[in-house]
Amino acid sequence: MDFATGWAHILGMDRDYDVIIAGGGLNGPALALALAQGGLRVLVVDARPASARASEGFDGRAYALALASQRLLSALGVWPAVAALAQPILGIRTSDGVPPEGAAPFLLGFDHGELDEGAMGFMVEDRHLYAAFLAVLEAAPGVTLRSGDSVVGQRVDGAQVTVALASGQVLRAALLVGCDGRTSGVAQRAGIRRHGWGYGQTALVGAIRPEHPHQGLAHQVFLPEGPLAILPLRGGLASIVWSESEANARTIAAMGDEEYRVLLESRIGHLTGHLDLAGPRFSYPLTLTLADRYAAPRIALVGDAAHGVHPIAGQGLNLGLRDVAALAEVLAEARARGEDIGAVDVLERYQLWRRFDSTVLALGMDAVNRLFSNTNPFLRAVRGLGMRAVAAMPGPRRSFIREAAGLSGTLPKLLSGQRL
Ligand SMILES: Cc1cc2nc3c(=O)[nH]c(=O)nc-3n(C[C@H](O)[C@H](O)[C@H](O)COP(=O)(O)OP(=O)(O)OC[C@H]3O[C@@H](n4cnc5c(N)ncnc54)[C@H](O)[C@@H]3O)c2cc1C
């Protein structure tokens, strides 16, 4: 290395990008847009070809976006492209049920009128959200998307991280962020270990057309084998996330459509009336997986790469978007102060902000799932009492609603709808 090249290397002037993001699911694109707002040059590498994903029909995946996540999407300029396709969540109803009787009367219910901010959140289909991200990403200055290619190697040396792609290209940046999902290769290569366990449950996911209009209500029915969520979608449809023990789920998944429809109707028909299936059915095995650390030198983890949680409260993507907002704010502030954005002490600030919150929520969801996924009469009595107590007390009610809307805790700017 000659003298000039040596200085360029030390000062980071020979970097191709400020930040390389491995993974273009939803958190990767969100982070890229947030970082570009902060003036950083960003590359997103996604293994799945964007054209294939954007042209897919309804694949059963839909997200309950908390109000705070919707504000982040507004601040990133994504919300206008998806707003007309999003269903406002106007209320939440939870009930306890044992088949074959179906659900008991509602144990706990909340309405958007109890919150000053309007709807409690929004239901959005994955395909619409991804298409909106793609449109904004392609027009965003400072962001490059390379889809159909993968990050296959990384090496950290002093002032930069060198990233190898499957296509053979080698690129340099100040920071590599793993948004590459629950089996994050970025985390593995950085020596970050994961902890977790399988729930012995599988989520059966799909859409239905209920006879009774959903009126914007999201239902959570707690059945002994696992929770069953009915989530309102646009066009009079509803998304079903039906968690069952692995053995039951295998049997149910193997049923023909009519047999499946009749079984589902026996579980939730008192809420939906007659129901028709409205699209293909999918199965997702459920696991909890938590990364030991969210940061290492020149490496950060975001979204499912950092924490994969049970979908019982529809919080997975919402948690990831909280990471996005926090990391983008930490890096924008670091850059404004002239700090190195890949330095351990900078990334430590991000980890401190997010790790405790995500772990508490992940373990909370785990506890709720365990408490409700059984027929023990004592536990049924305790949970019934607990929910009725929350229902009767204004303080806990308000905390619960603000938590569900993602409005509790120290919010990064983007989650309050402010640009960076
Ligand atoms: C049944 C079910 C229902 C859910 N419902 C909700 C809900 O209502 N609300 C909610 O907030 N969350 C929900 N979630 C959770 C939500 O789906 C996830 O938290 C979210 O999609 C994670 O996004 P991500 O971008 O972090 O990871 P992923 O979506 O897993 O994306 C990872 C991306 O990285 C790419 N990739 C992997 N390796 C590489 C590599 N080496 N190089 C380049 N690219 C790579 C992959 O191709 C992929 O595109 C649900 C989950 C399930 C299973």
# chains A, B, ... in the order shown; residues from 1 in each chain; ligands from 1
$ closest_atom_pairs --of "segment 326-346 of chain A" --to "segment 289-304 of chain A" --cutoff "12 Å" --atoms "only C-alpha atoms" --output "Markdown table"
| residue | atom | partner | partner_atom | distance |
| --- | --- | --- | --- | --- |
| A:Ala326 | CA | A:Val302 | CA | 10.0 |
| A:Leu327 | CA | A:Val302 | CA | 8.4 |
| A:Ala328 | CA | A:Val302 | CA | 10.9 |
| A:Val330 | CA | A:Ala300 | CA | 11.9 |
| A:Leu331 | CA | A:Ala300 | CA | 11.2 |
| A:Asp340 | CA | A:Arg298 | CA | 9.6 |
| A:Ile341 | CA | A:Arg298 | CA | 8.0 |
| A:Gly342 | CA | A:Arg298 | CA | 4.3 |
| A:Ala343 | CA | A:Arg298 | CA | 6.2 |
| A:Val344 | CA | A:Pro297 | CA | 5.2 |
| A:Asp345 | CA | A:Pro297 | CA | 9.0 |
| A:Val346 | CA | A:Ala295 | CA | 9.6 |
$ residues_near_ligand --ligand "ligand 1" --cutoff "7 Å" --atoms "only C-alpha atoms and all ligand atoms" --output "ChimeraX atom specification"
/A:22-28,45-48,61-65,149-152,179-182,184-185,203,205,241,284,286,302-305,308,311,314-320
$ closest_residue --among "A:Arg71, A:Arg355, A:His112, A:Arg93" --to "Gln220 of chain A" --atoms "only C-alpha atoms"
A:Arg93
$ select_by_dssp --residues "segment 165-347 of chain A" --states "strand (DSSP E)" --output "count of residues only"
68
$ residues_around --residues "Leu90 of chain A" --least-positions-apart "3" --cutoff "9 Å" --atoms "only C-alpha atoms" --output "ChimeraX atom specification"
/A:110-113,118-122,215-218
$ atom_distance --atom1 "atom CA of Leu228 of chain A" --atom2 "atom CA of Leu288 of chain A"
18.1 Å
$ closest_residue --among "A:Leu420, A:Ala334, A:Ala166, A:Ala362" --to "Ala36 of chain A" --atoms "only C-alpha atoms"
A:Leu420
$ residues_around --residues "segment 255-259 of chain A" --least-positions-apart "4" --cutoff "9 Å" --atoms "only C-alpha atoms" --output "ChimeraX atom specification"
/A:250-251,263-264,277,281
$ residues_around --residues "Arg155 of chain A" --least-positions-apart "3" --cutoff "12 Å" --atoms "only C-alpha atoms" --output "PyMOL selection string"
chain A and resi 151-152+158-164+170-176+186+189-191+297-299
$ atom_distance --atom1 "atom CA of Ser416 of chain A" --atom2 "atom CA of Arg335 of chain A"
21.4 Å
$ atom_distance --atom1 "atom CA of Phe222 of chain A" --atom2 "atom CA of Gln201 of chain A"
13.7 Å
$ closest_residue --among "A:His212, A:Arg53, A:Arg322, A:His195" --to "His128 of chain A" --atoms "only C-alpha atoms"
A:Arg53
$ residues_around --residues "Pro141 of chain A" --least-positions-apart "6" --cutoff "12 Å" --atoms "only C-alpha atoms" --output "mmCIF file with C-alpha atoms, in the first residue's frame"
data_model
loop_
_atom_site.group_PDB
_atom_site.id
_atom_site.type_symbol
_atom_site.label_atom_id
_atom_site.label_comp_id
_atom_site.auth_asym_id
_atom_site.auth_seq_id
_atom_site.Cartn_x
_atom_site.Cartn_y
_atom_site.Cartn_z
ATOM 1 C CA ALA A 32 -31.839 2.055 3.904
ATOM 2 C CA LEU A 33 -34.381 4.876 3.516
ATOM 3 C CA ALA A 34 -33.851 6.065 7.081
ATOM 4 C CA LEU A 35 -30.055 6.114 6.707
ATOM 5 C CA ALA A 36 -30.266 7.925 3.369
ATOM 6 C CA GLN A 37 -32.331 10.623 5.128
ATOM 7 C CA GLY A 38 -29.379 11.002 7.470
ATOM 8 C CA GLY A 39 -27.086 11.591 4.454
ATOM 9 C CA LEU A 40 -25.443 8.140 4.252
ATOM 10 C CA ARG A 41 -24.709 6.186 1.037
ATOM 11 C CA VAL A 42 -26.303 2.760 1.355
ATOM 12 C CA LEU A 43 -26.340 -0.540 -0.551
#
$ select_by_dssp --residues "segment 132-310 of chain A" --states "helix (DSSP H, G or I)" --output "PDB file with N, CA and C atoms, in the first residue's frame"
ATOM      1  N   ALA A 132     -44.638  -0.899  -2.088  1.00  0.00           N
ATOM      2  CA  ALA A 132     -44.500   0.520  -1.736  1.00  0.00           C
ATOM      3  C   ALA A 132     -43.037   0.835  -1.407  1.00  0.00           C
ATOM      4  N   PHE A 133     -42.389  -0.053  -0.627  1.00  0.00           N
ATOM      5  CA  PHE A 133     -40.967   0.151  -0.301  1.00  0.00           C
ATOM      6  C   PHE A 133     -40.129   0.191  -1.577  1.00  0.00           C
ATOM      7  N   LEU A 134     -40.415  -0.758  -2.470  1.00  0.00           N
ATOM      8  CA  LEU A 134     -39.610  -0.866  -3.685  1.00  0.00           C
ATOM      9  C   LEU A 134     -39.692   0.416  -4.498  1.00  0.00           C
ATOM     10  N   ALA A 135     -40.915   0.960  -4.657  1.00  0.00           N
ATOM     11  CA  ALA A 135     -41.104   2.171  -5.457  1.00  0.00           C
ATOM     12  C   ALA A 135     -40.308   3.336  -4.850  1.00  0.00           C
ATOM     13  N   VAL A 136     -40.357   3.483  -3.530  1.00  0.00           N
ATOM     14  CA  VAL A 136     -39.670   4.609  -2.883  1.00  0.00           C
ATOM     15  C   VAL A 136     -38.149   4.389  -2.917  1.00  0.00           C
ATOM     16  N   LEU A 137     -37.744   3.127  -2.698  1.00  0.00           N
ATOM     17  CA  LEU A 137     -36.315   2.780  -2.671  1.00  0.00           C
ATOM     18  C   LEU A 137     -35.650   3.083  -4.010  1.00  0.00           C
ATOM     19  N   GLU A 138     -36.347   2.709  -5.102  1.00  0.00           N
ATOM     20  CA  GLU A 138     -35.749   2.878  -6.425  1.00  0.00           C
ATOM     21  C   GLU A 138     -35.554   4.349  -6.776  1.00  0.00           C
ATOM     22  N   ALA A 139     -36.387   5.225  -6.170  1.00  0.00           N
ATOM     23  CA  ALA A 139     -36.268   6.659  -6.489  1.00  0.00           C
ATOM     24  C   ALA A 139     -35.416   7.407  -5.464  1.00  0.00           C
ATOM     25  N   GLY A 185     -26.766 -14.887   8.487  1.00  0.00           N
ATOM     26  CA  GLY A 185     -25.382 -15.257   8.202  1.00  0.00           C
ATOM     27  C   GLY A 185     -24.430 -14.184   8.706  1.00  0.00           C
ATOM     28  N   VAL A 186     -24.861 -12.916   8.671  1.00  0.00           N
ATOM     29  CA  VAL A 186     -24.003 -11.827   9.168  1.00  0.00           C
ATOM     30  C   VAL A 186     -23.683 -12.081  10.639  1.00  0.00           C
ATOM     31  N   ALA A 187     -24.703 -12.453  11.429  1.00  0.00           N
ATOM     32  CA  ALA A 187     -24.482 -12.727  12.862  1.00  0.00           C
ATOM     33  C   ALA A 187     -23.552 -13.925  13.042  1.00  0.00           C
ATOM     34  N   GLN A 188     -23.803 -14.986  12.299  1.00  0.00           N
ATOM     35  CA  GLN A 188     -22.963 -16.189  12.444  1.00  0.00           C
ATOM     36  C   GLN A 188     -21.508 -15.885  12.147  1.00  0.00           C
ATOM     37  N   ARG A 189     -21.275 -15.176  11.033  1.00  0.00           N
ATOM     38  CA  ARG A 189     -19.883 -14.887  10.649  1.00  0.00           C
ATOM     39  C   ARG A 189     -19.212 -13.950  11.648  1.00  0.00           C
ATOM     40  N   ARG A 234     -58.577  -5.004   4.063  1.00  0.00           N
ATOM     41  CA  ARG A 234     -59.414  -4.250   3.119  1.00  0.00           C
ATOM     42  C   ARG A 234     -60.262  -5.198   2.292  1.00  0.00           C
ATOM     43  N   GLY A 235     -61.345  -4.690   1.741  1.00  0.00           N
ATOM     44  CA  GLY A 235     -62.163  -5.470   0.813  1.00  0.00           C
ATOM     45  C   GLY A 235     -63.000  -6.522   1.513  1.00  0.00           C
ATOM     46  N   GLY A 236     -63.275  -6.343   2.818  1.00  0.00           N
ATOM     47  CA  GLY A 236     -64.138  -7.278   3.539  1.00  0.00           C
ATOM     48  C   GLY A 236     -63.469  -8.599   3.853  1.00  0.00           C
ATOM     49  N   GLU A 246     -47.688 -28.768  16.615  1.00  0.00           N
ATOM     50  CA  GLU A 246     -47.130 -29.202  15.325  1.00  0.00           C
ATOM     51  C   GLU A 246     -47.921 -30.370  14.746  1.00  0.00           C
ATOM     52  N   ALA A 247     -48.278 -31.345  15.621  1.00  0.00           N
ATOM     53  CA  ALA A 247     -48.970 -32.540  15.120  1.00  0.00           C
ATOM     54  C   ALA A 247     -50.340 -32.152  14.556  1.00  0.00           C
ATOM     55  N   ASN A 248     -51.107 -31.349  15.325  1.00  0.00           N
ATOM     56  CA  ASN A 248     -52.423 -30.912  14.832  1.00  0.00           C
ATOM     57  C   ASN A 248     -52.284 -30.123  13.539  1.00  0.00           C
ATOM     58  N   ALA A 249     -51.285 -29.235  13.520  1.00  0.00           N
ATOM     59  CA  ALA A 249     -51.125 -28.363  12.345  1.00  0.00           C
ATOM     60  C   ALA A 249     -50.847 -29.199  11.099  1.00  0.00           C
ATOM     61  N   ARG A 250     -50.046 -30.267  11.270  1.00  0.00           N
ATOM     62  CA  ARG A 250     -49.761 -31.134  10.108  1.00  0.00           C
ATOM     63  C   ARG A 250     -51.063 -31.742   9.580  1.00  0.00           C
ATOM     64  N   THR A 251     -51.895 -32.231  10.515  1.00  0.00           N
ATOM     65  CA  THR A 251     -53.159 -32.854  10.108  1.00  0.00           C
ATOM     66  C   THR A 251     -54.060 -31.828   9.434  1.00  0.00           C
ATOM     67  N   ILE A 252     -54.145 -30.631  10.033  1.00  0.00           N
ATOM     68  CA  ILE A 252     -55.055 -29.609   9.490  1.00  0.00           C
ATOM     69  C   ILE A 252     -54.553 -29.119   8.129  1.00  0.00           C
ATOM     70  N   ALA A 253     -53.218 -28.955   8.023  1.00  0.00           N
ATOM     71  CA  ALA A 253     -52.657 -28.459   6.757  1.00  0.00           C
ATOM     72  C   ALA A 253     -52.909 -29.462   5.628  1.00  0.00           C
ATOM     73  N   ASP A 257     -59.640 -28.122   1.245  1.00  0.00           N
ATOM     74  CA  ASP A 257     -60.128 -26.787   1.594  1.00  0.00           C
ATOM     75  C   ASP A 257     -61.457 -26.824   2.358  1.00  0.00           C
ATOM     76  N   GLU A 258     -62.401 -27.687   1.930  1.00  0.00           N
ATOM     77  CA  GLU A 258     -63.727 -27.660   2.562  1.00  0.00           C
ATOM     78  C   GLU A 258     -63.645 -28.181   4.003  1.00  0.00           C
ATOM     79  N   GLU A 259     -62.873 -29.263   4.201  1.00  0.00           N
ATOM     80  CA  GLU A 259     -62.737 -29.825   5.551  1.00  0.00           C
ATOM     81  C   GLU A 259     -62.080 -28.782   6.476  1.00  0.00           C
ATOM     82  N   TYR A 260     -61.062 -28.112   5.947  1.00  0.00           N
ATOM     83  CA  TYR A 260     -60.351 -27.063   6.697  1.00  0.00           C
ATOM     84  C   TYR A 260     -61.316 -25.914   7.030  1.00  0.00           C
ATOM     85  N   ARG A 261     -62.090 -25.520   6.030  1.00  0.00           N
ATOM     86  CA  ARG A 261     -63.025 -24.403   6.204  1.00  0.00           C
ATOM     87  C   ARG A 261     -64.028 -24.703   7.319  1.00  0.00           C
ATOM     88  N   VAL A 262     -64.574 -25.942   7.307  1.00  0.00           N
ATOM     89  CA  VAL A 262     -65.585 -26.326   8.292  1.00  0.00           C
ATOM     90  C   VAL A 262     -64.960 -26.325   9.697  1.00  0.00           C
ATOM     91  N   LEU A 263     -63.730 -26.841   9.812  1.00  0.00           N
ATOM     92  CA  LEU A 263     -63.060 -26.873  11.125  1.00  0.00           C
ATOM     93  C   LEU A 263     -62.812 -25.445  11.639  1.00  0.00           C
ATOM     94  N   LEU A 264     -62.335 -24.593  10.741  1.00  0.00           N
ATOM     95  CA  LEU A 264     -62.061 -23.201  11.141  1.00  0.00           C
ATOM     96  C   LEU A 264     -63.364 -22.520  11.572  1.00  0.00           C
ATOM     97  N   GLU A 265     -64.423 -22.770  10.805  1.00  0.00           N
ATOM     98  CA  GLU A 265     -65.713 -22.146  11.139  1.00  0.00           C
ATOM     99  C   GLU A 265     -66.211 -22.630  12.501  1.00  0.00           C
ATOM    100  N   SER A 266     -65.907 -23.893  12.846  1.00  0.00           N
ATOM    101  CA  SER A 266     -66.341 -24.395  14.160  1.00  0.00           C
ATOM    102  C   SER A 266     -65.595 -23.672  15.287  1.00  0.00           C
ATOM    103  N   ARG A 267     -64.405 -23.145  14.998  1.00  0.00           N
ATOM    104  CA  ARG A 267     -63.628 -22.416  16.018  1.00  0.00           C
ATOM    105  C   ARG A 267     -64.070 -20.954  16.136  1.00  0.00           C
ATOM    106  N   ILE A 268     -64.378 -20.335  14.985  1.00  0.00           N
ATOM    107  CA  ILE A 268     -64.578 -18.871  15.031  1.00  0.00           C
ATOM    108  C   ILE A 268     -65.894 -18.408  14.407  1.00  0.00           C
ATOM    109  N   GLY A 269     -66.755 -19.380  14.042  1.00  0.00           N
ATOM    110  CA  GLY A 269     -68.004 -19.032  13.349  1.00  0.00           C
ATOM    111  C   GLY A 269     -68.893 -18.093  14.153  1.00  0.00           C
ATOM    112  N   HIS A 270     -68.801 -18.166  15.508  1.00  0.00           N
ATOM    113  CA  HIS A 270     -69.630 -17.271  16.329  1.00  0.00           C
ATOM    114  C   HIS A 270     -69.202 -15.810  16.135  1.00  0.00           C
ATOM    115  N   LEU A 271     -67.985 -15.582  15.613  1.00  0.00           N
ATOM    116  CA  LEU A 271     -67.513 -14.212  15.367  1.00  0.00           C
ATOM    117  C   LEU A 271     -67.688 -13.811  13.903  1.00  0.00           C
ATOM    118  N   THR A 272     -67.479 -14.785  13.007  1.00  0.00           N
ATOM    119  CA  THR A 272     -67.434 -14.443  11.577  1.00  0.00           C
ATOM    120  C   THR A 272     -68.730 -14.768  10.851  1.00  0.00           C
ATOM    121  N   GLY A 303     -34.017  -6.269  13.253  1.00  0.00           N
ATOM    122  CA  GLY A 303     -35.184  -7.078  12.892  1.00  0.00           C
ATOM    123  C   GLY A 303     -35.034  -8.525  13.325  1.00  0.00           C
ATOM    124  N   ASP A 304     -35.583  -9.439  12.512  1.00  0.00           N
ATOM    125  CA  ASP A 304     -35.565 -10.850  12.890  1.00  0.00           C
ATOM    126  C   ASP A 304     -34.137 -11.393  13.043  1.00  0.00           C
ATOM    127  N   ALA A 305     -33.155 -10.760  12.435  1.00  0.00           N
ATOM    128  CA  ALA A 305     -31.762 -11.184  12.622  1.00  0.00           C
ATOM    129  C   ALA A 305     -31.363 -11.012  14.086  1.00  0.00           C
TER     130      ALA A 305
END
$ residues_around --residues "segment 75-81 of chain A" --least-positions-apart "2" --cutoff "6 Å" --atoms "only C-alpha atoms" --output "number ranges by chain"
A: 72-73, 83, 132, 417-419
$ write_last_selection --atoms "N, CA and C atoms" --output "tab-separated table (two decimals), in the first residue's frame"
chain	number	residue	atom	x	y	z
A	72	LEU	N	-43.54	5.96	11.27
A	72	LEU	CA	-42.21	5.79	10.67
A	72	LEU	C	-42.34	5.69	9.15
A	73	LEU	N	-43.33	4.89	8.67
A	73	LEU	CA	-43.51	4.75	7.23
A	73	LEU	C	-43.87	6.10	6.59
A	83	ALA	N	-51.30	3.61	1.93
A	83	ALA	CA	-52.42	4.03	2.80
A	83	ALA	C	-53.77	3.53	2.30
A	132	ALA	N	-44.64	-0.90	-2.09
A	132	ALA	CA	-44.50	0.52	-1.74
A	132	ALA	C	-43.04	0.83	-1.41
A	417	GLY	N	-42.95	10.12	13.74
A	417	GLY	CA	-43.29	10.69	12.44
A	417	GLY	C	-42.37	11.84	12.03
A	418	GLN	N	-41.26	12.08	12.80
A	418	GLN	CA	-40.34	13.17	12.42
A	418	GLN	C	-39.25	12.63	11.52
A	419	ARG	N	-38.87	13.39	10.50
A	419	ARG	CA	-37.74	13.01	9.66
A	419	ARG	C	-36.44	13.18	10.44
$ closest_residue --among "A:Thr287, A:Thr94, A:Ser147, A:Ser69" --to "Pro412 of chain A" --atoms "only C-alpha atoms"
A:Ser69
$ decode --residues "segment 219-244 of chain A" --atoms "N, CA, C and O atoms" --output "mmCIF file, in the first residue's frame"
data_model
loop_
_atom_site.group_PDB
_atom_site.id
_atom_site.type_symbol
_atom_site.label_atom_id
_atom_site.label_comp_id
_atom_site.auth_asym_id
_atom_site.auth_seq_id
_atom_site.Cartn_x
_atom_site.Cartn_y
_atom_site.Cartn_z
ATOM 1 N N HIS A 219 -59.510 -9.797 16.369
ATOM 2 C CA HIS A 219 -59.857 -10.740 17.439
ATOM 3 C C HIS A 219 -58.680 -11.662 17.745
ATOM 4 O O HIS A 219 -57.994 -12.113 16.835
ATOM 5 N N GLN A 220 -58.479 -11.928 19.017
ATOM 6 C CA GLN A 220 -57.502 -12.949 19.440
ATOM 7 C C GLN A 220 -58.280 -13.954 20.279
ATOM 8 O O GLN A 220 -58.804 -13.596 21.343
ATOM 9 N N VAL A 221 -58.411 -15.188 19.769
ATOM 10 C CA VAL A 221 -59.125 -16.233 20.505
ATOM 11 C C VAL A 221 -58.069 -17.177 21.068
ATOM 12 O O VAL A 221 -57.270 -17.736 20.317
ATOM 13 N N PHE A 222 -58.044 -17.332 22.395
ATOM 14 C CA PHE A 222 -57.035 -18.193 23.010
ATOM 15 C C PHE A 222 -57.582 -19.612 23.110
ATOM 16 O O PHE A 222 -58.463 -19.885 23.923
ATOM 17 N N LEU A 223 -57.048 -20.503 22.258
ATOM 18 C CA LEU A 223 -57.449 -21.916 22.261
ATOM 19 C C LEU A 223 -56.331 -22.720 22.926
ATOM 20 O O LEU A 223 -55.168 -22.280 22.931
ATOM 21 N N PRO A 224 -56.630 -23.913 23.483
ATOM 22 C CA PRO A 224 -55.608 -24.648 24.239
ATOM 23 C C PRO A 224 -54.360 -24.982 23.429
ATOM 24 O O PRO A 224 -53.259 -25.015 23.962
ATOM 25 N N GLU A 225 -54.504 -25.215 22.120
ATOM 26 C CA GLU A 225 -53.328 -25.584 21.313
ATOM 27 C C GLU A 225 -52.535 -24.359 20.885
ATOM 28 O O GLU A 225 -51.431 -24.484 20.354
ATOM 29 N N GLY A 226 -53.119 -23.173 21.074
ATOM 30 C CA GLY A 226 -52.424 -21.954 20.664
ATOM 31 C C GLY A 226 -53.432 -20.888 20.274
ATOM 32 O O GLY A 226 -54.605 -21.180 20.060
ATOM 33 N N PRO A 227 -52.984 -19.614 20.179
ATOM 34 C CA PRO A 227 -53.898 -18.515 19.878
ATOM 35 C C PRO A 227 -54.326 -18.499 18.410
ATOM 36 O O PRO A 227 -53.566 -18.911 17.538
ATOM 37 N N LEU A 228 -55.521 -17.986 18.175
ATOM 38 C CA LEU A 228 -56.016 -17.843 16.801
ATOM 39 C C LEU A 228 -56.420 -16.381 16.605
ATOM 40 O O LEU A 228 -57.291 -15.872 17.317
ATOM 41 N N ALA A 229 -55.757 -15.716 15.663
ATOM 42 C CA ALA A 229 -56.045 -14.291 15.438
ATOM 43 C C ALA A 229 -56.861 -14.122 14.161
ATOM 44 O O ALA A 229 -56.598 -14.785 13.154
ATOM 45 N N ILE A 230 -57.859 -13.237 14.228
ATOM 46 C CA ILE A 230 -58.642 -12.864 13.035
ATOM 47 C C ILE A 230 -58.404 -11.372 12.853
ATOM 48 O O ILE A 230 -58.783 -10.561 13.704
ATOM 49 N N LEU A 231 -57.755 -11.021 11.755
ATOM 50 C CA LEU A 231 -57.300 -9.635 11.597
ATOM 51 C C LEU A 231 -57.948 -9.013 10.371
ATOM 52 O O LEU A 231 -57.930 -9.615 9.283
ATOM 53 N N PRO A 232 -58.537 -7.823 10.519
ATOM 54 C CA PRO A 232 -59.310 -7.248 9.421
ATOM 55 C C PRO A 232 -58.436 -6.770 8.264
ATOM 56 O O PRO A 232 -57.407 -6.137 8.480
ATOM 57 N N LEU A 233 -58.851 -7.079 7.028
ATOM 58 C CA LEU A 233 -58.156 -6.590 5.838
ATOM 59 C C LEU A 233 -59.125 -5.761 5.008
ATOM 60 O O LEU A 233 -60.339 -5.841 5.189
ATOM 61 N N ARG A 234 -58.577 -5.004 4.063
ATOM 62 C CA ARG A 234 -59.414 -4.250 3.119
ATOM 63 C C ARG A 234 -60.262 -5.198 2.292
ATOM 64 O O ARG A 234 -59.920 -6.366 2.137
ATOM 65 N N GLY A 235 -61.345 -4.690 1.741
ATOM 66 C CA GLY A 235 -62.163 -5.470 0.813
ATOM 67 C C GLY A 235 -63.000 -6.522 1.513
ATOM 68 O O GLY A 235 -63.374 -7.519 0.898
ATOM 69 N N GLY A 236 -63.275 -6.343 2.818
ATOM 70 C CA GLY A 236 -64.138 -7.278 3.539
ATOM 71 C C GLY A 236 -63.469 -8.599 3.853
ATOM 72 O O GLY A 236 -64.123 -9.546 4.286
ATOM 73 N N LEU A 237 -62.154 -8.707 3.646
ATOM 74 C CA LEU A 237 -61.430 -9.952 3.948
ATOM 75 C C LEU A 237 -60.861 -9.890 5.358
ATOM 76 O O LEU A 237 -60.828 -8.841 5.992
ATOM 77 N N ALA A 238 -60.393 -11.047 5.856
ATOM 78 C CA ALA A 238 -59.694 -11.076 7.145
ATOM 79 C C ALA A 238 -58.539 -12.056 7.034
ATOM 80 O O ALA A 238 -58.609 -13.048 6.293
ATOM 81 N N SER A 239 -57.450 -11.752 7.735
ATOM 82 C CA SER A 239 -56.280 -12.631 7.752
ATOM 83 C C SER A 239 -56.381 -13.519 8.998
ATOM 84 O O SER A 239 -56.753 -13.051 10.072
ATOM 85 N N ILE A 240 -56.045 -14.800 8.837
ATOM 86 C CA ILE A 240 -56.097 -15.747 9.946
ATOM 87 C C ILE A 240 -54.681 -16.166 10.308
ATOM 88 O O ILE A 240 -53.900 -16.557 9.424
ATOM 89 N N VAL A 241 -54.311 -16.057 11.579
ATOM 90 C CA VAL A 241 -53.044 -16.637 12.062
ATOM 91 C C VAL A 241 -53.448 -17.601 13.167
ATOM 92 O O VAL A 241 -53.798 -17.195 14.277
ATOM 93 N N TRP A 242 -53.419 -18.882 12.849
ATOM 94 C CA TRP A 242 -53.992 -19.931 13.688
ATOM 95 C C TRP A 242 -52.840 -20.815 14.172
ATOM 96 O O TRP A 242 -52.308 -21.602 13.408
ATOM 97 N N SER A 243 -52.438 -20.635 15.431
ATOM 98 C CA SER A 243 -51.316 -21.413 15.974
ATOM 99 C C SER A 243 -51.844 -22.719 16.572
ATOM 100 O O SER A 243 -52.741 -22.693 17.417
ATOM 101 N N GLU A 244 -51.279 -23.820 16.127
ATOM 102 C CA GLU A 244 -51.691 -25.150 16.603
ATOM 103 C C GLU A 244 -50.441 -25.933 16.970
ATOM 104 O O GLU A 244 -49.338 -25.618 16.499
#
